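As stored in model-v8.tsv (TSV, C-alpha atoms):
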chain	number	residue	atom	x	y	z
L	3	MET	CA	0.00	0.00	0.00
L	4	SER	CA	1.41	3.37	-0.98
L	5	LYS	CA	-0.68	5.39	1.50
L	6	ASN	CA	0.65	5.93	5.00
L	7	ILE	CA	-1.66	4.02	7.34
L	8	LYS	CA	-2.36	5.71	10.65
L	9	CYS	CA	-3.67	3.42	13.38
L	10	LEU	CA	-5.34	4.54	16.58
L	11	ALA	CA	-4.53	1.71	18.98
L	12	ILE	CA	-5.99	0.92	22.40
L	13	GLU	CA	-4.53	-1.35	25.12
L	14	THR	CA	-6.48	-2.08	28.34
L	15	SER	CA	-5.72	-5.74	29.06
L	16	CYS	CA	-4.61	-5.23	32.67
L	17	ASP	CA	-3.90	-2.05	34.64
L	18	GLU	CA	-2.53	0.35	32.01
L	19	THR	CA	-4.92	2.52	30.00
L	20	SER	CA	-2.95	3.24	26.85
L	21	VAL	CA	-3.72	4.82	23.49
L	22	ALA	CA	-1.24	5.37	20.66
L	23	ILE	CA	-1.16	6.70	17.13
L	24	VAL	CA	1.18	4.58	14.99
L	25	GLU	CA	1.98	5.10	11.32
L	26	ASN	CA	2.84	2.13	9.08
L	27	GLY	CA	3.46	-0.17	12.03
L	28	ARG	CA	6.78	1.34	13.09
L	29	ASN	CA	6.53	5.12	13.37
L	30	VAL	CA	5.04	6.09	16.76
L	31	LEU	CA	3.41	9.52	16.65
L	32	SER	CA	2.18	9.28	20.24
L	33	ASN	CA	2.01	6.64	22.96
L	34	VAL	CA	0.11	7.71	26.07
L	35	ILE	CA	0.15	5.36	29.08
L	36	SER	CA	-1.93	5.95	32.19
L	37	THR	CA	-0.73	3.44	34.78
L	38	GLN	CA	-2.59	2.24	37.87
L	39	ILE	CA	0.45	0.80	39.70
L	40	ASP	CA	0.13	3.14	42.68
L	41	ILE	CA	-3.56	2.23	43.08
L	42	HIS	CA	-2.91	-1.53	43.18
L	43	LYS	CA	0.32	-1.44	45.25
L	44	LYS	CA	-1.52	-1.56	48.57
L	45	TYR	CA	-3.30	-4.77	47.50
L	46	GLY	CA	-0.07	-6.51	46.45
L	47	GLY	CA	-1.35	-7.03	42.90
L	48	VAL	CA	-3.96	-5.97	40.36
L	49	VAL	CA	-7.59	-6.00	41.54
L	50	PRO	CA	-9.66	-6.64	38.38
L	51	GLU	CA	-12.77	-4.66	39.39
L	52	ILE	CA	-10.72	-1.61	40.38
L	53	ALA	CA	-8.71	-1.85	37.16
L	54	SER	CA	-11.87	-1.93	35.03
L	55	ARG	CA	-13.42	1.09	36.76
L	56	ASN	CA	-10.24	3.11	36.29
L	57	HIS	CA	-10.14	2.24	32.58
L	58	VAL	CA	-13.71	3.53	32.23
L	59	GLU	CA	-12.78	6.79	33.97
L	60	ASN	CA	-9.56	7.32	31.98
L	61	ILE	CA	-10.10	6.04	28.45
L	62	THR	CA	-11.70	9.15	26.89
L	63	TYR	CA	-9.02	11.45	28.27
L	64	VAL	CA	-6.23	9.14	27.10
L	65	VAL	CA	-7.69	8.97	23.55
L	66	ASP	CA	-7.85	12.77	23.42
L	67	GLU	CA	-4.29	13.13	24.70
L	68	ALA	CA	-2.92	10.62	22.18
L	69	LEU	CA	-4.56	12.49	19.29
L	70	GLU	CA	-3.32	15.84	20.58
L	71	LYS	CA	0.27	14.63	21.07
L	72	ALA	CA	0.32	13.10	17.57
L	73	ASN	CA	-1.12	16.33	16.16
L	74	VAL	CA	-3.82	14.42	14.27
L	75	GLU	CA	-7.62	14.41	14.30
L	76	LEU	CA	-9.96	11.44	14.25
L	77	LYS	CA	-10.68	12.06	10.55
L	78	ASP	CA	-6.96	11.39	9.84
L	79	ILE	CA	-7.14	7.87	11.30
L	80	ASP	CA	-7.24	4.93	8.86
L	81	ILE	CA	-7.68	1.90	11.14
L	82	ILE	CA	-8.59	1.24	14.78
L	83	GLY	CA	-6.62	-1.43	16.64
L	84	CYS	CA	-7.31	-2.85	20.09
L	85	THR	CA	-6.26	-5.67	22.40
L	86	TYR	CA	-9.12	-8.16	22.71
L	87	GLY	CA	-7.28	-10.90	24.63
L	88	PRO	CA	-5.81	-12.37	26.68
L	89	GLY	CA	-6.24	-10.34	29.85
L	90	LEU	CA	-8.75	-9.35	32.51
L	91	VAL	CA	-12.17	-9.56	30.90
L	92	GLY	CA	-13.58	-6.36	32.43
L	93	ALA	CA	-10.47	-4.38	31.53
L	94	LEU	CA	-10.42	-5.75	27.98
L	95	LEU	CA	-14.07	-4.85	27.45
L	96	VAL	CA	-13.38	-1.16	28.07
L	97	GLY	CA	-10.79	-1.02	25.29
L	98	VAL	CA	-12.76	-3.22	22.89
L	99	SER	CA	-15.96	-1.21	23.39
L	100	THR	CA	-14.16	2.09	22.88
L	101	ALA	CA	-12.42	0.83	19.73
L	102	LYS	CA	-15.70	-0.49	18.31
L	103	ALA	CA	-17.46	2.81	18.98
L	104	ILE	CA	-14.72	4.83	17.25
L	105	ALA	CA	-14.54	2.41	14.30
L	106	TYR	CA	-18.32	2.58	13.87
L	107	ALA	CA	-18.42	6.38	14.14
L	108	LEU	CA	-15.58	6.82	11.62
L	109	GLN	CA	-16.65	3.90	9.41
L	110	LYS	CA	-13.05	2.64	9.55
L	111	PRO	CA	-11.69	-0.93	9.80
L	112	LEU	CA	-11.44	-2.46	13.26
L	113	VAL	CA	-8.47	-4.77	13.95
L	114	GLY	CA	-8.46	-6.95	17.07
L	115	VAL	CA	-4.96	-7.77	18.32
L	116	HIS	CA	-3.63	-10.57	20.52
L	117	HIS	CA	-1.85	-8.99	23.49
L	118	ILE	CA	1.26	-11.20	23.22
L	119	GLU	CA	1.53	-10.66	19.47
L	120	GLY	CA	1.56	-6.98	20.40
L	121	HIS	CA	4.48	-7.50	22.79
L	122	ILE	CA	6.41	-9.25	20.01
L	123	ALA	CA	5.66	-6.37	17.61
L	124	ALA	CA	7.16	-3.85	20.07
L	125	ASN	CA	10.53	-4.93	18.69
L	126	TYR	CA	9.62	-3.59	15.22
L	127	ILE	CA	9.31	-0.09	16.67
L	128	THR	CA	12.71	-0.12	18.37
L	129	HIS	CA	14.42	-2.05	15.57
L	130	PRO	CA	13.20	-0.94	12.11
L	131	GLU	CA	15.62	-3.43	10.53
L	132	LEU	CA	14.04	-6.47	12.24
L	133	THR	CA	12.01	-8.76	9.97
L	134	PRO	CA	10.72	-12.33	10.42
L	135	PRO	CA	11.62	-15.12	10.76
L	136	TYR	CA	13.19	-15.03	14.22
L	137	LEU	CA	12.86	-16.52	17.70
L	138	CYS	CA	11.11	-14.50	20.42
L	139	LEU	CA	11.22	-15.08	24.17
L	140	VAL	CA	8.02	-13.59	25.60
L	141	VAL	CA	8.34	-13.00	29.35
L	142	SER	CA	5.70	-11.10	31.32
L	143	GLY	CA	3.47	-11.22	34.38
L	144	GLY	CA	1.02	-13.56	32.69
L	145	HIS	CA	3.08	-15.31	30.01
L	146	SER	CA	6.32	-17.17	29.43
L	147	HIS	CA	6.53	-18.38	25.84
L	148	LEU	CA	9.18	-19.31	23.33
L	149	VAL	CA	7.71	-18.30	19.99
L	150	TYR	CA	9.02	-18.87	16.48
L	151	VAL	CA	7.87	-15.83	14.53
L	152	LYS	CA	7.56	-17.23	11.00
L	153	ASP	CA	6.00	-14.06	9.57
L	154	TYR	CA	4.36	-10.91	10.89
L	155	THR	CA	1.11	-12.76	11.64
L	156	LYS	CA	2.30	-16.40	11.77
L	157	PHE	CA	3.54	-17.83	15.07
L	158	GLU	CA	4.58	-21.24	16.35
L	159	ILE	CA	4.74	-21.93	20.10
L	160	LEU	CA	7.91	-23.92	20.85
L	161	GLY	CA	7.60	-23.88	24.65
L	162	LYS	CA	5.62	-22.28	27.46
L	163	THR	CA	5.32	-22.31	31.24
L	164	ARG	CA	3.54	-25.22	32.86
L	165	ASP	CA	2.61	-23.22	35.95
L	166	ASP	CA	3.59	-19.67	36.97
L	167	ALA	CA	4.68	-17.11	34.42
L	168	VAL	CA	8.13	-15.69	35.11
L	169	GLY	CA	6.77	-12.21	35.94
L	170	GLU	CA	4.30	-13.82	38.34
L	171	ALA	CA	7.22	-15.59	40.05
L	172	PHE	CA	9.00	-12.23	40.45
L	173	ASP	CA	5.88	-10.73	42.05
L	174	LYS	CA	5.30	-13.68	44.41
L	175	VAL	CA	8.92	-13.83	45.52
L	176	SER	CA	8.96	-10.06	46.05
L	177	ARG	CA	5.89	-10.29	48.31
L	178	THR	CA	7.38	-13.27	50.19
L	179	ILE	CA	10.56	-11.39	51.08
L	180	GLY	CA	8.67	-8.21	51.96
L	181	LEU	CA	9.62	-6.01	49.00
L	182	GLY	CA	6.10	-5.36	47.69
L	183	TYR	CA	4.56	-4.95	44.23
L	184	PRO	CA	5.47	-4.86	41.35
L	185	GLY	CA	8.23	-7.39	42.02
L	186	GLY	CA	10.19	-7.24	38.76
L	187	PRO	CA	11.73	-3.76	39.03
L	188	ILE	CA	12.23	-4.04	42.81
L	189	ILE	CA	14.11	-7.36	42.62
L	190	ASP	CA	16.14	-6.13	39.65
L	191	GLU	CA	17.28	-3.08	41.63
L	192	LYS	CA	18.04	-5.02	44.85
L	193	ALA	CA	19.99	-7.70	42.93
L	194	LYS	CA	22.45	-5.10	41.64
L	195	SER	CA	23.97	-4.80	45.13
L	196	GLY	CA	23.91	-8.56	45.80
L	197	LYS	CA	25.76	-11.72	44.75
L	198	PRO	CA	24.16	-15.01	43.63
L	199	ILE	CA	25.49	-17.00	46.60
L	200	TYR	CA	22.38	-19.05	47.38
L	201	SER	CA	21.66	-22.33	45.62
L	202	LEU	CA	18.21	-22.33	44.01
L	203	PRO	CA	16.73	-25.04	41.74
L	204	ARG	CA	16.58	-24.81	37.95
L	205	THR	CA	13.77	-26.79	36.31
L	206	PHE	CA	14.16	-28.24	32.81
L	207	PHE	CA	12.03	-30.62	30.75
L	208	GLU	CA	12.66	-32.86	27.77
L	209	ASN	CA	10.97	-30.19	25.63
L	210	LEU	CA	11.20	-26.37	25.74
L	211	ASP	CA	8.61	-25.77	28.48
L	212	PHE	CA	9.31	-23.74	31.61
L	213	SER	CA	8.35	-24.08	35.28
L	214	PHE	CA	8.79	-21.36	37.89
L	215	SER	CA	6.69	-22.67	40.80
L	216	GLY	CA	9.58	-24.72	42.23
L	217	ILE	CA	11.96	-21.79	42.55
L	218	LYS	CA	9.24	-19.74	44.26
L	219	THR	CA	8.77	-22.52	46.85
L	220	ALA	CA	12.56	-22.82	47.28
L	221	VAL	CA	12.81	-19.11	48.13
L	222	ILE	CA	10.10	-19.49	50.81
L	223	GLN	CA	11.91	-22.51	52.31
L	224	LEU	CA	15.23	-20.65	52.28
L	225	MET	CA	13.62	-17.67	54.06
L	226	ASN	CA	12.30	-20.01	56.78
L	227	LYS	CA	15.68	-21.73	57.16
L	228	GLU	CA	17.78	-18.54	57.27
L	229	PRO	CA	15.93	-15.71	59.07
L	230	ASN	CA	18.93	-13.35	58.71
L	231	ILE	CA	19.24	-13.95	54.98
L	232	SER	CA	20.74	-11.20	52.81
L	233	ILE	CA	17.90	-9.82	50.67
L	234	PRO	CA	20.18	-8.40	47.91
L	235	ASP	CA	22.03	-11.74	47.67
L	236	LEU	CA	18.74	-13.64	47.59
L	237	CYS	CA	17.44	-11.36	44.80
L	238	ALA	CA	20.64	-11.88	42.81
L	239	SER	CA	20.42	-15.65	43.32
L	240	PHE	CA	16.78	-15.76	42.26
L	241	GLU	CA	17.42	-13.57	39.21
L	242	GLU	CA	20.36	-15.71	38.10
L	243	ALA	CA	18.44	-18.99	38.49
L	244	VAL	CA	15.43	-17.71	36.54
L	245	THR	CA	17.64	-16.31	33.78
L	246	ASP	CA	19.57	-19.61	33.55
L	247	MET	CA	16.29	-21.39	32.80
L	248	LEU	CA	15.27	-18.86	30.16
L	249	VAL	CA	18.66	-18.73	28.43
L	250	GLU	CA	19.10	-22.51	28.36
L	251	ASN	CA	15.80	-22.99	26.51
L	252	VAL	CA	16.52	-20.09	24.17
L	253	LEU	CA	19.78	-21.74	23.06
L	254	LYS	CA	17.99	-25.09	22.53
L	255	ALA	CA	15.31	-23.31	20.46
L	256	VAL	CA	17.94	-21.54	18.34
L	257	GLU	CA	19.34	-24.94	17.39
L	258	LEU	CA	15.85	-26.27	16.67
L	259	VAL	CA	14.71	-23.54	14.26
L	260	LYS	CA	18.18	-22.64	12.92
L	261	THR	CA	17.96	-18.89	13.34
L	262	ASN	CA	20.55	-16.28	14.28
L	263	LYS	CA	17.97	-13.70	15.40
L	264	ILE	CA	16.53	-13.62	18.93
L	265	ALA	CA	14.10	-11.05	20.33
L	266	ILE	CA	12.79	-10.71	23.86
L	267	ALA	CA	9.47	-9.10	24.72
L	268	GLY	CA	7.09	-8.47	27.60
L	269	GLY	CA	7.48	-6.74	30.96
L	270	VAL	CA	10.34	-8.97	32.17
L	271	SER	CA	12.36	-8.07	29.05
L	272	ALA	CA	13.06	-4.80	30.91
L	273	ASN	CA	15.12	-6.77	33.47
L	274	SER	CA	18.71	-5.52	33.27
L	275	TYR	CA	20.31	-8.87	34.15
L	276	LEU	CA	18.30	-10.75	31.51
L	277	ARG	CA	19.24	-8.15	28.88
L	278	GLU	CA	22.92	-8.42	29.81
L	279	ARG	CA	22.88	-12.24	29.67
L	280	MET	CA	21.11	-12.22	26.31
L	281	LYS	CA	23.71	-9.79	24.96
L	282	ARG	CA	26.48	-12.07	26.22
L	283	ILE	CA	25.06	-15.23	24.65
L	284	GLY	CA	24.55	-13.26	21.45
L	285	ALA	CA	28.24	-12.37	21.37
L	286	ILE	CA	29.36	-15.92	22.26
L	287	HIS	CA	27.10	-17.70	19.74
L	288	ASN	CA	27.14	-15.04	17.00
L	289	LEU	CA	23.44	-14.25	17.40
L	290	LYS	CA	21.66	-10.94	16.83
L	291	VAL	CA	19.71	-10.01	19.97
L	292	TYR	CA	16.82	-7.53	19.94
L	293	TYR	CA	14.75	-6.06	22.76
L	294	PRO	CA	12.38	-3.09	22.94
L	295	GLU	CA	13.20	0.16	24.69
L	296	ILE	CA	12.02	0.09	28.31
L	297	VAL	CA	8.75	2.00	27.76
L	298	LEU	CA	7.71	-0.58	25.14
L	299	CYS	CA	8.42	-3.60	27.36
L	300	THR	CA	5.45	-3.09	29.67
L	301	ASP	CA	1.87	-2.85	28.40
L	302	ASN	CA	1.41	-0.02	25.90
L	303	ALA	CA	-0.73	0.78	22.87
L	304	ALA	CA	2.13	1.49	20.43
L	305	MET	CA	2.93	-2.23	20.23
L	306	ILE	CA	-0.78	-2.92	19.55
L	307	GLY	CA	-0.72	-0.34	16.75
L	308	SER	CA	2.27	-2.09	15.20
L	309	ALA	CA	0.63	-5.53	15.34
L	310	ALA	CA	-2.69	-4.11	14.08
L	311	TYR	CA	-0.96	-2.66	11.01
L	312	TYR	CA	0.53	-6.03	10.01
L	313	ASN	CA	-2.79	-7.79	10.62
L	314	TYR	CA	-4.50	-5.19	8.44
L	315	GLN	CA	-1.92	-5.71	5.69
L	316	GLU	CA	-2.80	-9.42	5.76
L	317	GLY	CA	-6.52	-8.66	5.51
L	318	LYS	CA	-7.17	-9.71	9.12
L	319	VAL	CA	-9.93	-7.25	9.97
L	320	SER	CA	-12.47	-7.75	12.77
L	321	SER	CA	-16.23	-7.23	12.68
L	322	LEU	CA	-18.10	-4.97	15.08
L	323	ASN	CA	-19.16	-8.17	16.88
L	324	LEU	CA	-15.61	-8.41	18.28
L	325	ASN	CA	-15.66	-9.43	21.94
L	326	ALA	CA	-13.10	-9.73	24.71
L	327	VAL	CA	-11.49	-13.20	24.94
L	328	PRO	CA	-9.65	-13.39	28.30
L	329	ASN	CA	-7.97	-16.75	27.54
L	330	LEU	CA	-7.13	-16.12	23.90
L	331	LYS	CA	-4.31	-18.33	22.63
L	332	ILE	CA	-1.52	-16.92	20.50
L	333	GLY	CA	-2.06	-17.50	16.77
L	334	GLU	CA	-5.87	-17.65	17.20
L	335	SER	CA	-6.43	-14.00	16.19
Represent the structure contained in this file as structure tokens.
Amino acid sequence: MSKNIKCLAIETSCDETSVAIVENGRNVLSNVISTQIDIHKKYGGVVPEIASRNHVENITYVVDEALEKANVELKDIDIIGCTYGPGLVGALLVGVSTAKAIAYALQKPLVGVHHIEGHIAANYITHPELTPPYLCLVVSGGHSHLVYVKDYTKFEILGKTRDDAVGEAFDKVSRTIGLGYPGGPIIDEKAKSGKPIYSLPRTFFENLDFSFSGIKTAVIQLMNKEPNISIPDLCASFEEAVTDMLVENVLKAVELVKTNKIAIAGGVSANSYLRERMKRIGAIHNLKVYYPEIVLCTDNAAMIGSAAYYNYQEGKVSSLNLNAVPNLKIGES
């Protein structure tokens, strides 16, 4: 298509209300994120009902701000993209309903986007040179997947967690050792002043699946056994063990699909230790390693705008009957 395609994208799958204007899948004109972290901190995690109500209160203002920052009007928009799964059903419904209303009012195409496919697409914004095929490690609060990205809208799951997602393990461990929520950034910061001196289990399977429930239990047992334990050292030990599991499976997957390109995506891809380890294995094994800039690692609408553009290019347009699908599987879009 010769025309520049401007997408108004909406992301409300969890506790961020985000709207972005993205041109041709890679040029971000605006990316407004209204986070609810401070609201949910006192509960130790996201409360779905509270998240949904805050999305309802914020969504109109966030849409207006995204348009203003991009210096465009609604009449300039070509397609409307939105996350329709997976996620919290009430939160998803706010974004889906808003996107449907705008698409109907403008008589423009509506494109439903899988949240994880959005996380993968965040790499296209940071790295304009990145094109499929490549391997992507998706690590977030709700997901831990090894995905072979065959094309912009074609994905093959090579491995996934059998229990907790890696981001969920970070949050649970953080609460256990009294550091609070969200666990990922707190543990990452504490680990910088610690050393990985504690022995924690690494779980591997005959395939490329992950498991993070065992290491969470091991941390609890270690806390009970050693009441004067060093929290920075424990954080460093936990971070190293988790990263060992991720990196080991990434290297096995590289051999399986014969690629020299690896991307990481999702909230945990912001972890400084994981980024450093991925850079190191890239240098050792002659692999190109990609990861989004920090603001694009956590939930945001720019990544949804990128994914929506490539779906639209493939003719994958949704009807106005689009509904939220909280347990949507990757590749089912």
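The shell of residues at most 9 Å from stretch 61-64 of chain L, with only C-alpha atoms counted and near chain neighbours (fewer than 5 positions) removed, consists of Ile12, Thr14, Thr19, Ser20, Val21, Ala22, Val34, Ile35, Ser36, Asn56, Leu69, Val96, Gly97 and Thr100 of chain L.
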Separating atom CA of L:Lys102 from atom CA of L:Leu324, to the nearest tenth of an Å, is a gap of 7.9 Å
One decimal place gives the atom CA of L:Leu202-atom CA of L:Val141 separation as 20.0 Å
Self-check item: Distance query stretch 306-318 of chain L at most 6 Å, all atoms listed in the file, self and fewer than 6 positions along chain excluded, as a list in words
Solution: Cys9, Ala11, Val24, Gly27, Gly83, Val113, Gly120 and Ala123 of chain L
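Going from atom CA of L:His121 over to atom CA of L:Val91, you cover 18.6 Å.
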Residue neighbourhood L:Ser239, 9 Å, only C-alpha atoms, exclusion window fewer than 6 positions, as a PDB file with C-alpha atoms, keeping the file's coordinate frame:
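Once written, out_33.pdb looks like this:
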ATOM      1  CA  ALA L 193      19.990  -7.700  42.930  1.00  0.00           C
ATOM      2  CA  GLY L 196      23.910  -8.560  45.800  1.00  0.00           C
ATOM      3  CA  LYS L 197      25.760 -11.720  44.750  1.00  0.00           C
ATOM      4  CA  PRO L 198      24.160 -15.010  43.630  1.00  0.00           C
ATOM      5  CA  ILE L 199      25.490 -17.000  46.600  1.00  0.00           C
ATOM      6  CA  TYR L 200      22.380 -19.050  47.380  1.00  0.00           C
ATOM      7  CA  SER L 201      21.660 -22.330  45.620  1.00  0.00           C
ATOM      8  CA  LEU L 202      18.210 -22.330  44.010  1.00  0.00           C
TER       9      LEU L 202
END
Fewer than 5 positions away in the same chain doesn't count, so skip those; otherwise give me all residues within 12 Å of L:His42, counting only C-alpha atoms, as a PyMOL selection string. chain L and resi 16-18+37+47-53+56+182-184
Box in all listed atoms of stretch 19-25 of chain L, axis-aligned, with 3 Å more on each side; write out centre and edge lengths in Å to one decimal as JSON.
{"center_x": -1.5, "center_y": 4.6, "center_z": 20.7, "size_x": 12.9, "size_y": 10.2, "size_z": 24.7}
